[in-house]
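Student: This is protein-v2.cif (mmCIF, C-alpha atoms and all ligand atoms).
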```cif
data_final
#
loop_
_atom_site.label_atom_id
_atom_site.label_comp_id
_atom_site.auth_asym_id
_atom_site.auth_seq_id
_atom_site.Cartn_x
_atom_site.Cartn_y
_atom_site.Cartn_z
CA MET A 127 0.00 0.00 0.00
CA LYS A 128 1.24 3.51 -0.79
CA HIS A 129 1.72 6.15 1.86
CA PRO A 130 -1.01 8.81 1.53
CA ILE A 131 1.14 11.55 3.08
CA PHE A 132 3.93 11.00 0.58
CA ALA A 133 1.47 11.19 -2.30
CA SER A 134 0.05 14.45 -0.97
CA LEU A 135 3.50 15.98 -0.65
CA LEU A 136 4.31 15.03 -4.23
CA LEU A 137 1.13 16.67 -5.48
CA LEU A 138 1.79 19.81 -3.41
CA SER A 139 5.36 20.08 -4.73
CA ALA A 140 4.23 19.72 -8.32
CA THR A 141 1.60 22.43 -7.82
CA LEU A 142 4.08 24.86 -6.26
CA LEU A 143 6.73 24.26 -8.91
CA SER A 144 4.32 24.87 -11.76
CA ALA A 145 2.85 28.07 -10.27
CA LEU A 146 5.86 29.81 -8.72
CA PRO A 147 8.14 30.60 -11.70
CA LEU A 148 5.30 32.14 -13.71
CA THR A 149 4.39 34.44 -10.83
CA LEU A 150 7.97 35.65 -10.36
CA LEU A 151 8.54 36.20 -14.08
CA SER A 152 5.40 38.23 -14.66
CA ALA A 153 6.03 40.43 -11.61
CA ARG A 154 9.50 41.32 -12.89
CA ALA A 155 8.57 41.81 -16.52
CA ASP A 156 5.64 44.11 -15.77
CA ASP A 157 6.97 46.27 -13.02
CA THR A 158 10.66 47.01 -13.35
CA ALA A 159 13.25 48.06 -15.91
CA GLU A 160 17.01 48.24 -15.50
CA VAL A 161 19.58 50.91 -16.32
CA SER A 162 23.24 50.15 -15.74
CA ILE A 163 25.84 52.80 -15.04
CA LYS A 164 29.22 51.86 -16.46
CA LEU A 165 32.24 53.84 -17.64
CA PHE A 166 30.50 57.17 -16.94
CA SER A 167 27.43 56.45 -19.02
CA PHE A 168 23.83 55.32 -18.54
CA ASN A 169 22.81 52.21 -20.49
CA PRO A 170 20.42 52.35 -22.17
CA LYS A 171 20.78 56.10 -22.50
CA VAL A 172 17.11 56.43 -23.49
CA LEU A 173 14.67 54.05 -21.84
CA GLU A 174 10.99 53.80 -22.76
CA VAL A 175 8.63 52.25 -20.20
CA PRO A 176 4.88 52.11 -19.54
CA ALA A 177 3.56 54.23 -16.66
CA GLY A 178 3.76 52.39 -13.36
CA THR A 179 7.22 50.98 -14.05
CA THR A 180 9.91 51.13 -11.41
CA VAL A 181 13.28 51.88 -12.99
CA VAL A 182 16.33 50.48 -11.18
CA TRP A 183 19.76 52.03 -11.74
CA THR A 184 22.80 49.94 -10.80
CA ASN A 185 26.18 51.61 -10.40
CA GLY A 186 28.94 49.50 -11.98
CA ASP A 187 31.68 52.10 -11.57
CA ALA A 188 34.04 52.26 -8.59
CA ILE A 189 33.04 55.87 -8.07
CA GLU A 190 29.92 57.67 -6.86
CA HIS A 191 27.25 58.84 -9.30
CA SER A 192 23.81 60.36 -8.95
CA VAL A 193 20.58 60.05 -10.93
CA THR A 194 19.15 63.56 -10.87
CA SER A 195 16.15 64.73 -12.89
CA GLY A 196 16.57 67.67 -15.25
CA VAL A 197 19.57 68.76 -17.27
CA PRO A 198 23.10 69.66 -16.10
CA GLY A 199 23.01 72.97 -14.24
CA LYS A 200 19.22 72.88 -13.99
CA PRO A 201 17.85 70.06 -11.80
CA GLY A 202 14.21 69.28 -12.51
CA GLY A 203 13.17 68.52 -8.95
CA VAL A 204 11.27 65.35 -9.84
CA PHE A 205 13.83 62.93 -8.42
CA ASP A 206 17.37 62.88 -7.07
CA SER A 207 19.08 59.72 -5.90
CA GLY A 208 21.91 61.40 -4.04
CA PHE A 209 25.30 59.80 -4.57
CA PHE A 210 25.59 56.01 -4.61
CA THR A 211 28.57 53.84 -5.36
CA GLU A 212 29.72 50.59 -6.95
CA GLY A 213 27.31 47.69 -6.56
CA GLU A 214 24.56 49.88 -5.13
CA THR A 215 21.18 50.49 -6.73
CA TRP A 216 18.64 53.28 -6.68
CA SER A 217 15.09 53.05 -7.99
CA PHE A 218 12.21 55.36 -8.86
CA LYS A 219 8.63 54.54 -9.85
CA PHE A 220 7.31 56.52 -12.83
CA THR A 221 3.55 56.97 -12.64
CA GLU A 222 2.95 59.88 -15.04
CA PRO A 223 3.54 59.72 -18.81
CA GLY A 224 6.13 62.19 -20.07
CA GLU A 225 9.80 62.65 -20.85
CA TYR A 226 12.18 62.68 -17.89
CA PRO A 227 15.72 63.79 -18.72
CA TYR A 228 18.30 63.17 -16.01
CA PHE A 229 22.01 63.55 -15.35
CA CYS A 230 24.75 62.90 -12.79
CA ARG A 231 25.46 65.85 -10.52
CA ARG A 232 29.17 65.01 -10.28
CA HIS A 233 29.83 64.29 -13.97
CA GLU A 234 27.66 66.53 -16.07
CA SER A 235 28.56 64.78 -19.34
CA MET A 236 26.49 61.87 -18.02
CA THR A 237 22.92 62.27 -19.23
CA GLY A 238 19.99 59.98 -19.86
CA MET A 239 16.27 59.97 -20.48
CA VAL A 240 13.26 57.97 -19.30
CA LYS A 241 10.26 58.17 -21.63
CA VAL A 242 7.07 57.12 -19.87
CA ILE A 243 4.16 56.18 -22.10
CA ALA A 244 0.53 55.53 -21.17
CA PRO A 245 0.13 51.89 -20.09
CU CU A 301 28.68 60.48 -12.12
#
```
Let me see whether you can do it: turn the structure in this file into structure tokens.
Tutor:
Amino acid sequence: MKHPIFASLLLLSATLLSALPLTLLSARADDTAEVSIKLFSFNPKVLEVPAGTTVVWTNGDAIEHSVTSGVPGKPGGVFDSGFFTEGETWSFKFTEPGEYPYFCRRHESMTGMVKVIAP
């Protein structure tokens, strides 16, 4: 005779394994986008996302950078990460469609843009 508890555990495991990866994948794909900072540049330089997306910047340089809205010499006041360093991340959720230029306060040749479109 088979053990009923073992059979139940098998069924439970199969259910969890089939449901879990799909949930994780869809949460990531829908809600976040990545920008890497490397060699004094933002990649991608222009990022287009639907409203509601959280953009995550990761600093890959061994030096501090900032992600500051606006253009060099004229901060926009929408967001400002402050300075963060190698291996650290900073994120911002964009809820309103529009174009959001940004730059690094310490290296003003570093500029980027987030274009937020209606979802
Ligand atoms: Cu910088």
Student: Quote the spacing between atom CA of Pro227 of chain A and atom CA of Thr194 of chain A in Å to one decimal place.
Tutor: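 Here the two named atoms are 8.6 Å from each other.
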Student: With distances taken over all atoms listed in the file, which of A:Ser207, A:Ser192, A:Thr237, A:Thr184 is nearest to Ile163 of chain A?
Tutor: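 Of the candidates, the smallest distance to Ile163 of chain A is held by A:Thr184.
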Student: At most 12 Å from (27.9, 56.3, -1.4), file frame, all atoms listed in the file: which residues, as a PyMOL selection string?
Tutor: chain A and resi 185+187-192+207-216
Student: Go ahead and write the residues just picked, C-alpha atoms, as an mmCIF file, keeping the file's coordinate frame.
Tutor:
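The result, written out as out.cif:
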```cif
data_model
loop_
_atom_site.group_PDB
_atom_site.id
_atom_site.type_symbol
_atom_site.label_atom_id
_atom_site.label_comp_id
_atom_site.auth_asym_id
_atom_site.auth_seq_id
_atom_site.Cartn_x
_atom_site.Cartn_y
_atom_site.Cartn_z
ATOM 1 C CA ASN A 185 26.180 51.610 -10.400
ATOM 2 C CA ASP A 187 31.680 52.100 -11.570
ATOM 3 C CA ALA A 188 34.040 52.260 -8.590
ATOM 4 C CA ILE A 189 33.040 55.870 -8.070
ATOM 5 C CA GLU A 190 29.920 57.670 -6.860
ATOM 6 C CA HIS A 191 27.250 58.840 -9.300
ATOM 7 C CA SER A 192 23.810 60.360 -8.950
ATOM 8 C CA SER A 207 19.080 59.720 -5.900
ATOM 9 C CA GLY A 208 21.910 61.400 -4.040
ATOM 10 C CA PHE A 209 25.300 59.800 -4.570
ATOM 11 C CA PHE A 210 25.590 56.010 -4.610
ATOM 12 C CA THR A 211 28.570 53.840 -5.360
ATOM 13 C CA GLU A 212 29.720 50.590 -6.950
ATOM 14 C CA GLY A 213 27.310 47.690 -6.560
ATOM 15 C CA GLU A 214 24.560 49.880 -5.130
ATOM 16 C CA THR A 215 21.180 50.490 -6.730
ATOM 17 C CA TRP A 216 18.640 53.280 -6.680
#
```
Student: Between A:Glu234, A:Asp157, A:Asp206, A:Glu225, which one has atoms that come closest to Glu174 of chain A, using all atoms listed in the file?
Tutor: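 Checking each of A:Glu234, A:Asp157, A:Asp206, A:Glu225 against Glu174 of chain A, counting all atoms listed in the file, the winner is A:Glu225.
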Student: Take the point (12.9, 49.1, -18.1) as written in the file and pick out every residue within 7 Å of it, counting only C-alpha atoms; give the list as a list in words.
Tutor: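 Selection result: Thr158, Ala159, Glu160, Leu173, Glu174, Val175 and Val181 of chain A.
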Student: Which of these, A:Gly186, A:Pro170, A:Lys219, A:Pro245, has the shortest distance to ligand CU 301 (chain A) once you count all atoms listed in the file?
Tutor: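 Smallest distance to ligand CU 301 (chain A) is found for A:Gly186.
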Student: Restricting the calculation to only C-alpha atoms and all ligand atoms, which member of A:Ser217, A:Ser162, A:Thr179, A:Ser167 is positioned closest to ligand CU 301 (chain A)?
Tutor: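 Among the listed residues, the smallest separation from ligand CU 301 (chain A) belongs to A:Ser167.
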Student: Record the distance separating atom CA of Tyr226 of chain A and atom CA of Leu165 of chain A, expressed in Å with one decimal.
Tutor: 21.9 Å
Student: State, in Å with one decimal place, the distance from atom CA of Glu222 of chain A to atom CU of ligand CU 301 (chain A).
Tutor: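 Spanning atom CA of Glu222 of chain A to atom CU of ligand CU 301 (chain A) is a straight-line distance of 25.9 Å.
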Student: Measuring between only C-alpha atoms and all ligand atoms, which one of A:Val204, A:Val193, A:Val240, A:Val161 shows the shortest distance to ligand CU 301 (chain A)?
Tutor: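 Looking only at the distances to ligand CU 301 (chain A), the closest residue turns out to be A:Val193.
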Student: Have a look at A:Phe166, A:Gly196, A:Phe218, A:Tyr228 and name the one nearest to ligand CU 301 (chain A); count all atoms listed in the file.
Tutor: A:Phe166
